[in-house]
Each structure stands twice: as C-alpha cells, then as structure tokens.
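**Student:** File follows, query-v5.cif with mmCIF, C-alpha atoms:
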```cif
data_entry
loop_
_atom_site.label_atom_id
_atom_site.label_comp_id
_atom_site.auth_asym_id
_atom_site.auth_seq_id
_atom_site.Cartn_x
_atom_site.Cartn_y
_atom_site.Cartn_z
CA MET A 1 0.00 0.00 0.00
CA ARG A 2 1.30 3.43 -0.95
CA VAL A 3 1.95 5.62 2.11
CA ALA A 4 0.81 9.23 1.76
CA GLN A 5 3.42 11.96 1.80
CA PRO A 6 3.83 14.05 4.95
CA ARG A 7 1.34 16.93 5.02
CA CYS A 8 3.27 20.12 5.69
CA GLY A 9 2.20 23.66 6.52
CA ARG A 10 3.75 26.95 5.53
CA ILE A 11 3.08 30.46 6.80
CA ALA A 12 1.52 32.46 3.96
CA TYR A 13 3.68 35.55 4.52
CA VAL A 14 6.92 36.81 2.99
CA ASN A 15 8.64 36.61 6.39
CA VAL A 16 9.35 32.88 5.93
CA LEU A 17 10.57 33.01 2.32
CA PRO A 18 14.20 32.37 3.38
CA VAL A 19 12.99 28.98 4.64
CA TYR A 20 10.90 28.10 1.58
CA ALA A 21 12.47 29.86 -1.42
CA ALA A 22 14.63 26.84 -2.28
CA PHE A 23 11.48 24.73 -2.58
CA ASP A 24 9.73 27.40 -4.65
CA MET A 25 12.71 27.69 -6.99
CA GLU A 26 13.24 23.91 -7.10
CA ARG A 27 16.74 24.08 -5.66
CA VAL A 28 15.76 21.64 -2.89
CA GLY A 29 13.10 18.96 -3.21
CA MET A 30 10.18 19.09 -0.79
CA PRO A 31 9.44 15.50 0.39
CA GLY A 32 5.79 16.20 1.21
CA SER A 33 2.71 18.16 0.27
CA MET A 34 2.53 21.85 1.22
CA THR A 35 -0.35 24.01 2.47
CA ALA A 36 0.13 27.77 2.86
CA ALA A 37 -2.09 29.55 5.40
CA PRO A 38 -2.02 32.18 8.17
CA PRO A 39 -0.47 31.02 11.47
CA ALA A 40 -3.80 30.54 13.26
CA ASP A 41 -5.03 28.17 10.54
CA LEU A 42 -1.79 26.18 10.67
CA ASN A 43 -2.07 25.94 14.46
CA ARG A 44 -5.59 24.57 14.18
CA ASP A 45 -4.83 22.14 11.35
CA LEU A 46 -1.75 20.68 13.05
CA LEU A 47 -3.60 20.09 16.31
CA ALA A 48 -6.55 18.57 14.43
CA GLY A 49 -4.28 16.13 12.59
CA ARG A 50 -4.89 17.67 9.17
CA LEU A 51 -1.17 18.53 9.01
CA ASP A 52 1.79 16.48 10.16
CA ILE A 53 4.59 19.07 10.24
CA SER A 54 4.15 22.84 10.28
CA PRO A 55 5.30 26.15 11.67
CA VAL A 56 3.13 27.13 14.65
CA SER A 57 2.79 30.19 16.84
CA SER A 58 5.28 30.00 19.70
CA ALA A 59 2.45 30.95 22.07
CA LEU A 60 0.63 27.74 21.12
CA TYR A 61 3.34 25.39 22.36
CA PRO A 62 2.95 25.62 26.18
CA ALA A 63 -0.58 24.20 26.09
CA HIS A 64 0.40 21.41 23.68
CA ALA A 65 3.96 20.52 24.67
CA ASP A 66 2.82 16.99 25.45
CA SER A 67 1.74 16.30 21.86
CA LEU A 68 4.19 18.31 19.74
CA LEU A 69 7.90 17.91 19.05
CA LEU A 70 9.92 20.88 17.83
CA ALA A 71 12.29 21.00 14.88
CA PRO A 72 15.72 21.57 16.46
CA GLY A 73 17.10 23.82 13.72
CA LEU A 74 14.27 26.19 12.84
CA CYS A 75 12.40 29.17 14.25
CA LEU A 76 11.19 32.62 13.28
CA ALA A 77 12.71 35.16 15.65
CA SER A 78 14.22 38.61 15.94
CA PRO A 79 16.83 40.02 18.34
CA GLY A 80 14.87 43.28 18.48
CA THR A 81 12.91 45.19 15.85
CA VAL A 82 10.75 42.79 13.83
CA ARG A 83 8.77 45.21 11.57
CA SER A 84 5.97 42.73 10.93
CA ILE A 85 4.20 42.91 14.32
CA LEU A 86 2.92 46.42 14.92
CA CYS A 87 0.49 48.06 17.31
CA LEU A 88 -0.92 51.20 15.71
CA THR A 89 -1.89 53.97 18.11
CA PRO A 90 -0.75 57.58 18.70
CA GLY A 91 1.29 58.15 21.83
CA PRO A 92 2.45 55.58 24.40
CA LEU A 93 0.75 52.21 24.77
CA THR A 94 -0.45 53.22 28.24
CA ARG A 95 -3.19 55.15 26.43
CA LEU A 96 -4.67 51.83 25.35
CA ARG A 97 -6.04 51.25 28.85
CA GLY A 98 -9.81 50.86 28.61
CA ARG A 99 -9.87 51.14 24.81
CA PRO A 100 -10.76 48.35 22.37
CA ILE A 101 -7.85 47.20 20.20
CA ALA A 102 -8.72 45.73 16.80
CA VAL A 103 -6.63 42.61 16.33
CA THR A 104 -6.13 40.07 13.61
CA ALA A 105 -7.29 36.53 14.29
CA ASP A 106 -4.33 35.21 12.31
CA SER A 107 -1.62 35.10 14.99
CA LEU A 108 -1.77 33.85 18.55
CA THR A 109 1.77 34.99 19.36
CA ALA A 110 1.20 38.68 18.57
CA ARG A 111 -1.93 38.78 20.73
CA THR A 112 -0.18 36.95 23.55
CA LEU A 113 2.89 39.17 23.39
CA LEU A 114 0.77 42.31 23.67
CA GLN A 115 -1.11 40.80 26.62
CA ILE A 116 2.12 40.01 28.46
CA ILE A 117 3.57 43.47 27.84
CA CYS A 118 0.40 45.20 29.03
CA ARG A 119 -0.12 43.01 32.09
CA LEU A 120 3.46 42.94 33.37
CA TYR A 121 4.79 46.35 32.36
CA LEU A 122 1.82 48.68 31.79
CA ASN A 123 -0.48 47.36 34.56
CA PHE A 124 -3.64 46.76 32.56
CA ASP A 125 -5.28 43.97 30.59
CA PRO A 126 -5.73 44.95 26.92
CA GLN A 127 -9.21 44.77 25.41
CA LEU A 128 -8.53 42.75 22.26
CA VAL A 129 -11.38 42.69 19.75
CA THR A 130 -11.03 40.43 16.71
CA SER A 131 -11.47 42.29 13.42
CA PRO A 132 -11.31 41.12 9.78
CA ASP A 133 -9.30 44.24 8.89
CA PRO A 134 -7.69 46.08 11.83
CA LEU A 135 -5.77 48.43 9.52
CA ALA A 136 -8.99 49.59 7.85
CA GLU A 137 -10.48 50.30 11.27
CA TYR A 138 -7.45 52.35 12.26
CA ILE A 139 -7.53 54.36 9.04
CA ALA A 140 -11.31 54.88 9.19
CA ASN A 141 -11.76 55.93 12.81
CA GLY A 142 -8.45 55.72 14.66
CA THR A 143 -9.24 52.47 16.47
CA PRO A 144 -5.95 51.09 17.85
CA ALA A 145 -4.90 48.06 15.83
CA LEU A 146 -2.57 45.07 16.14
CA LEU A 147 -1.19 43.89 12.80
CA ILE A 148 1.07 41.03 11.74
CA GLY A 149 2.83 39.75 8.65
CA ASN A 150 2.19 41.28 5.25
CA ALA A 151 -0.46 43.64 6.66
CA ALA A 152 2.02 45.08 9.17
CA LEU A 153 4.66 45.61 6.49
CA ALA A 154 2.09 47.41 4.34
CA ALA A 155 0.88 49.55 7.24
CA ALA A 156 4.39 50.79 7.98
CA GLN A 157 4.39 52.38 4.53
CA ARG A 158 0.91 53.92 4.87
CA VAL A 159 0.67 55.40 8.36
CA PRO A 160 2.94 57.83 10.23
CA HIS A 161 6.03 56.26 11.76
CA GLU A 162 5.28 57.64 15.22
CA VAL A 163 2.09 55.58 15.60
CA CYS A 164 3.77 52.27 14.66
CA HIS A 165 4.83 50.53 17.87
CA ASP A 166 7.09 47.61 16.94
CA LEU A 167 6.44 44.89 19.53
CA GLY A 168 9.78 43.20 18.93
CA SER A 169 11.61 46.42 19.70
CA LEU A 170 9.40 47.12 22.73
CA TRP A 171 9.95 43.58 24.08
CA LYS A 172 13.69 44.02 23.75
CA ASP A 173 13.59 47.36 25.60
CA LEU A 174 11.46 45.94 28.42
CA THR A 175 13.05 42.53 28.93
CA GLY A 176 16.48 42.64 27.31
CA HIS A 177 15.50 39.61 25.26
CA GLY A 178 14.84 38.95 21.62
CA MET A 179 11.59 37.26 20.67
CA VAL A 180 10.75 33.93 19.05
CA TYR A 181 7.49 34.21 17.13
CA ALA A 182 7.11 30.84 15.45
CA LEU A 183 8.41 27.30 15.84
CA TRP A 184 8.40 24.38 13.44
CA ALA A 185 6.66 21.40 15.01
CA VAL A 186 5.70 17.82 14.20
CA ARG A 187 2.86 15.95 15.83
CA GLU A 188 4.49 13.45 18.17
CA GLU A 189 2.00 10.77 17.15
CA TYR A 190 3.04 11.19 13.51
CA HIS A 191 6.75 11.35 14.35
CA ARG A 192 6.61 8.10 16.32
CA ALA A 193 4.74 6.32 13.52
CA GLU A 194 6.72 7.79 10.61
CA GLU A 195 10.04 8.86 12.13
CA THR A 196 12.06 8.44 8.95
CA ARG A 197 9.63 10.51 6.86
CA SER A 198 9.43 13.11 9.60
CA LEU A 199 13.19 13.49 9.83
CA VAL A 200 13.54 13.67 6.05
CA VAL A 201 11.14 16.64 5.99
CA LEU A 202 12.94 18.40 8.85
CA ASP A 203 16.26 17.85 7.09
CA ALA A 204 14.85 19.24 3.83
CA LEU A 205 13.59 22.33 5.67
CA GLU A 206 17.03 22.96 7.13
CA ARG A 207 18.70 22.46 3.75
CA SER A 208 16.20 24.82 2.16
CA LEU A 209 16.91 27.44 4.82
CA ALA A 210 20.65 27.06 4.32
CA TRP A 211 20.17 27.65 0.59
CA GLY A 212 17.97 30.69 1.26
CA LEU A 213 20.45 32.29 3.63
CA ALA A 214 23.22 31.75 1.09
CA HIS A 215 21.14 33.17 -1.80
CA MET A 216 19.38 36.18 -0.32
CA ASP A 217 19.30 38.02 -3.64
CA ASP A 218 17.13 35.22 -5.04
CA VAL A 219 14.96 35.26 -1.92
CA ILE A 220 14.49 39.02 -2.26
CA ARG A 221 13.50 38.74 -5.91
CA LEU A 222 10.91 36.15 -4.94
CA ALA A 223 9.63 38.43 -2.16
CA GLN A 224 9.30 41.27 -4.65
CA ALA A 225 7.10 39.04 -6.81
CA TYR A 226 4.78 38.59 -3.82
CA ALA A 227 4.76 42.27 -2.81
CA SER A 228 6.56 44.97 -4.78
CA ARG A 229 9.00 46.73 -2.48
CA SER A 230 12.59 47.79 -2.97
CA ALA A 231 15.39 45.27 -2.65
CA SER A 232 16.90 47.40 0.11
CA PHE A 233 13.63 47.17 2.07
CA TYR A 234 13.64 43.38 1.99
CA ARG A 235 17.37 43.15 2.63
CA GLU A 236 16.98 45.22 5.80
CA TYR A 237 13.85 43.34 6.81
CA TYR A 238 15.40 39.87 6.51
CA ALA A 239 18.60 41.04 8.18
CA GLY A 240 16.52 41.72 11.29
CA LEU A 241 15.07 38.21 11.43
CA ARG A 242 16.56 34.94 12.64
CA PHE A 243 15.55 31.53 11.31
CA GLN A 244 17.96 29.17 13.06
CA MET A 245 17.28 27.93 16.59
CA GLY A 246 20.56 28.66 18.35
CA ASP A 247 21.36 29.02 22.03
CA GLY A 248 20.28 32.67 22.01
CA GLN A 249 16.88 31.81 20.57
CA LEU A 250 16.43 29.04 23.14
CA ARG A 251 17.08 31.53 25.93
CA ASP A 252 14.70 34.05 24.36
CA LEU A 253 11.97 31.43 23.95
CA SER A 254 12.33 30.34 27.57
CA ALA A 255 12.17 33.98 28.69
CA PHE A 256 8.94 34.46 26.72
CA TYR A 257 7.39 31.45 28.44
CA GLU A 258 8.61 32.57 31.87
CA HIS A 259 7.14 36.05 31.38
CA GLY A 260 3.92 34.52 30.07
CA ALA A 261 3.58 32.25 33.10
CA LYS A 262 4.17 35.22 35.40
CA ALA A 263 1.49 37.18 33.55
CA GLY A 264 -0.98 34.29 33.83
CA VAL A 265 -1.09 33.74 30.08
CA PHE A 266 0.56 30.30 30.27
CA ALA A 267 -0.25 27.75 32.94
CA GLU A 268 3.41 26.80 33.27
CA VAL A 269 6.80 27.06 31.60
CA PRO A 270 7.04 24.03 29.32
CA ALA A 271 10.06 21.84 28.73
CA LEU A 272 11.21 22.27 25.13
CA ARG A 273 10.88 18.86 23.51
CA PHE A 274 12.65 18.58 20.18
CA ALA A 275 12.66 15.73 17.75
CA GLY A 276 15.60 13.88 19.28
CA ARG A 277 16.08 15.73 22.57
CA VAL A 278 14.51 17.60 25.48
CA VAL A 279 15.77 20.97 26.75
CA GLU A 280 14.77 22.12 30.24
CA ASN A 281 15.71 25.17 32.30
CA VAL A 282 17.56 27.00 29.52
#
```
Will you turn the file into structure tokens for me?

**Tutor:**
Amino acid sequence: MRVAQPRCGRIAYVNVLPVYAAFDMERVGMPGSMTAAPPADLNRDLLAGRLDISPVSSALYPAHADSLLLAPGLCLASPGTVRSILCLTPGPLTRLRGRPIAVTADSLTARTLLQIICRLYLNFDPQLVTSPDPLAEYIANGTPALLIGNAALAAAQRVPHEVCHDLGSLWKDLTGHGMVYALWAVREEYHRAEETRSLVVLDALERSLAWGLAHMDDVIRLAQAYASRSASFYREYYAGLRFQMGDGQLRDLSAFYEHGAKAGVFAEVPALRFAGRVVENV
C-alpha cells in the first residue's frame, strides 16, 4: 500500500521566504505536500491532525507541549525590531487602557505578546477585539490596531512612523530579550509512527533554509514578486530576522514562556521537547 506523503504547513507571509524559497525555486526537493495559510489556521490544522509538520505560533506550544515535538534547527525570531508585528496607536501604549484594540485573528503569538507586555509592564489587561481588517479600522476611525505579517509591512508604509509601535523592539527594551514568534513542530504521534519521513522533511527544511540564507538576492527577488517593495527594504527586513534555533533563541523562547507564566497567560513554563532531545531550564 502506498503511504501518503507528509502533510506540511507553511506560513503564507513573505517573512518565511528564506525557509521556503529553495522549494519554490526547485533548488531543494520538498518531500511532502505543502499548504500555505495564516499562522492561526496552521495551528488549528496541526492540532486537528490535518497537518503532520508545520510552523506554529510559539504561544501555542505551552498548552500542547505533550503532543508536539519541535524541529531543532528552525524558528522565526528577531533580536529586536521585527517590523511585521505592529500596534498602531498615537502616543504611548499606556493610552490603550480601557480602549478596544482591533486585532487580527491570524496570529496567537502577537496577541499573547501584547497581553504580556500590558499586564506585566503597563499594569492593565488589553481589550482585544477580533477584526477582519484592523488596519482599515485604524484608518477609518483611529481604532488602535494590532497587525502582523504582510499587513504590518504594508501599514508601515501607509501610516505615520510615530504611531507604529514595533512589539519586537518594545519587548527588547522591556526585557532585554529577543523574541521567538514561530516554531516548526511535528505531531508526536506522527513522528513516532513515521520517524524516517518526519526526519527527512525536517532535514529538507534545514537544507532549504541554508540555501535561502546563502542566496538572499534570489529570496528578495521572490519576495518582490509577492509584494513589490525595494530590494533594500527586503534586505533590511530579513537582516533583522533569525531563522535558526541557536542558544540565544532558546534563551529568548524560555524567557517568553517565563514572562507569560508570570502574567498568567501560560499555565506553566514548558520543557522544550525537540525531535531527538529535550531541553529544560535554559
């Protein structure tokens, strides 16, 4: 009987093109099927068993650490400014107290990060209201908005710089840590049943990333085909992101979970279980 290929997810934003450009340009073969979707959809489909391997919001992992294994070599992170997670509002974020904030339903991590910042450092709980188009609400009536991904990159070019609060930069200023926004995960049930296939996909992802990092001009040209911006814009944008899970990213991820547990967002700080190893107390 023919065994189906691994079902793999992919974030449908230009931020992950360095990971996937080699597949798109057929420089590395993808040993599975691919579904592109916003992070929230990938989260849901992986947990429901409709995907086997996928990037997921880092804020999802604490509640599902017992059923997911992480890819040891991959993440989406920034040491500071991220540019693709923005809170739009004039003046300091303390003015958000008591005001509704229009938020995208597409990313759990952005919502969670804003909650932690507001609870621990600004002493209020933000009123997050899901909206199909937070940017349109901000432009129409000044409603504060939380944007991610392509929408955030577009907003930075449409609204005044002084109202764009970059949450990566703010997190760095408040905590001294960078931020890990997404992780690549495999369902443990699938990994145990199809370990060889699982590891082949994880290896292909790492090889694709290595190709992307070594061929950023090609990645940038592909990004421009998705959304027309200058090469210098994308070069600066990708230079501010990190895609490899090194020791620094492990420490930043643990700090995010520790702050989240302190803020009451996460029930506990999870052990980081990777395909092949477990990391505790980083």

**Student:** Compare A:Met245, A:Leu113, A:Leu69, A:Ala182 by their minimum atom-to-atom distance to Glu195 in chain A, counting all atoms listed in the file, and give me the closest one.

**Tutor:** A:Leu69

**Student:** Taking (16.9, 35.1, -3.3) as a centre in this file's frame and 12 Å as the limit, can you find every polymer residue with an atom that close, using only C-alpha atoms, and give them as a PyMOL selection string?

**Tutor:** chain A and resi 14+17-25+27+208-225+231+234-235+238

**Student:** Could you expand the PyMOL selection byres ((chain A and resi 5) around 7) into the explicit residues it covers here, written as a list in words?

**Tutor:**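 Checked against the file, the PyMOL selection byres ((chain A and resi 5) around 7) matches Val3, Ala4, Pro6, Arg7, Gly32 and Ser33 of chain A.
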
**Student:** Please identify all polymer residues within 6 Å of range 248-257 of chain A, counting all atoms listed in the file, omitting same-chain residues fewer than 5 positions from it, and present them as a ChimeraX atom specification.

**Tutor:** /A:177-180,269,282

**Student:** Restrict the selected residues to C-alpha atoms and save them as a CSV table (one decimal), keeping the file's coordinate frame.

**Tutor:**
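This went into result_10.csv:
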```
chain,number,residue,atom,x,y,z
A,177,HIS,CA,15.5,39.6,25.3
A,178,GLY,CA,14.8,39.0,21.6
A,179,MET,CA,11.6,37.3,20.7
A,180,VAL,CA,10.8,33.9,19.0
A,269,VAL,CA,6.8,27.1,31.6
A,282,VAL,CA,17.6,27.0,29.5
```

**Student:** Got a sec to resolve the PyMOL selection byres ((chain A and resi 50) around 12) on this structure and send the residues as a list in words?

**Tutor:**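 For this structure, the PyMOL selection byres ((chain A and resi 50) around 12) captures Pro6, Arg7, Cys8, Gly9, Ser33, Met34, Thr35, Asp41, Leu42, Asn43, Arg44, Asp45, Leu46, Leu47, Ala48, Gly49, Leu51, Asp52, Ile53, Ser54, Val186, Arg187 and Tyr190 of chain A.
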
**Student:** If we count only C-alpha atoms, what is near Asn123 in chain A at a cut-off of 9 Å, once residues fewer than 3 positions away on the same chain are taken out, given as a list in words?

**Tutor:**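 My list of contacting residues is Thr94, Arg97, Ile117, Cys118, Arg119 and Leu120 of chain A.
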
**Student:** Any chance you could resolve the PyMOL selection byres ((chain A and resi 108) around 10) against this file and give the residues as a PyMOL selection string?

**Tutor:** chain A and resi 39-40+43+56-60+104-107+109-113+181-182

**Student:** How far is it from CA of Lys262 in chain A to CA of Phe124 in chain A, in Å with one decimal?

**Tutor:**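 So the answer is 14.2 Å.
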
**Student:** Quick one: distance from CA of Leu70 in chain A to CA of Val265 in chain A in Å, one decimal?

**Tutor:**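 According to the coordinates, CA of Leu70 in chain A and CA of Val265 in chain A are separated by 20.9 Å.
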
**Student:** Could you state the separation of CA of Arg242 in chain A and CA of Ala267 in chain A in Å, given to one decimal place?

**Tutor:**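 Between CA of Arg242 in chain A and CA of Ala267 in chain A the gap is 27.3 Å.
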
**Student:** Choose the residue, out of A:Leu114, A:Ala185, A:Val103, A:Ile85, that has the smallest atom-to-atom separation from Ala275 in chain A; count only C-alpha atoms.

**Tutor:**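 Comparing A:Leu114, A:Ala185, A:Val103, A:Ile85 against Ala275 in chain A, the winner is A:Ala185.
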
**Student:** Residues at most 9 Å from range 150-165 of chain A, counting only C-alpha atoms, excluding those fewer than 2 positions away in the same chain, as number ranges by chain?

**Tutor:** A: 12-15, 83-93, 135, 139, 146-148, 167-170, 227

**Student:** Could the residues in this selection be written to a file with C-alpha atoms, as a compact mmCIF listing (two decimals), keeping the file's coordinate frame?

**Tutor:**
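Done, and the output landed in result-v9.txt:
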```txt
# COMPACT_ATOMS: atom_id res chain seq x y z
CA ALA A 12 1.52 32.46 3.96
CA TYR A 13 3.68 35.55 4.52
CA VAL A 14 6.92 36.81 2.99
CA ASN A 15 8.64 36.61 6.39
CA ARG A 83 8.77 45.21 11.57
CA SER A 84 5.97 42.73 10.93
CA ILE A 85 4.20 42.91 14.32
CA LEU A 86 2.92 46.42 14.92
CA CYS A 87 0.49 48.06 17.31
CA LEU A 88 -0.92 51.20 15.71
CA THR A 89 -1.89 53.97 18.11
CA PRO A 90 -0.75 57.58 18.70
CA GLY A 91 1.29 58.15 21.83
CA PRO A 92 2.45 55.58 24.40
CA LEU A 93 0.75 52.21 24.77
CA LEU A 135 -5.77 48.43 9.52
CA ILE A 139 -7.53 54.36 9.04
CA LEU A 146 -2.57 45.07 16.14
CA LEU A 147 -1.19 43.89 12.80
CA ILE A 148 1.07 41.03 11.74
CA LEU A 167 6.44 44.89 19.53
CA GLY A 168 9.78 43.20 18.93
CA SER A 169 11.61 46.42 19.70
CA LEU A 170 9.40 47.12 22.73
CA ALA A 227 4.76 42.27 -2.81
```

**Student:** Using all atoms listed in the file, which residue out of A:Leu199, A:Val129, A:Arg229, A:His259 lies closest to Thr175 in chain A?

**Tutor:** A:His259

**Student:** Give me, as a PyMOL selection string, all polymer residues having an atom no more than 10 Å from Gly73 in chain A, counting all atoms listed in the file and skipping those fewer than 5 positions away in the same chain.

**Tutor:** chain A and resi 183-184+202-203+205-206+209+243-246+274

**Student:** Tell me which of A:Glu258, A:Val16, A:Pro79, A:Ser228 sits closest to Gly176 in chain A, counting all atoms listed in the file.

**Tutor:**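 Among the listed residues, A:Pro79 lies closest to Gly176 in chain A.
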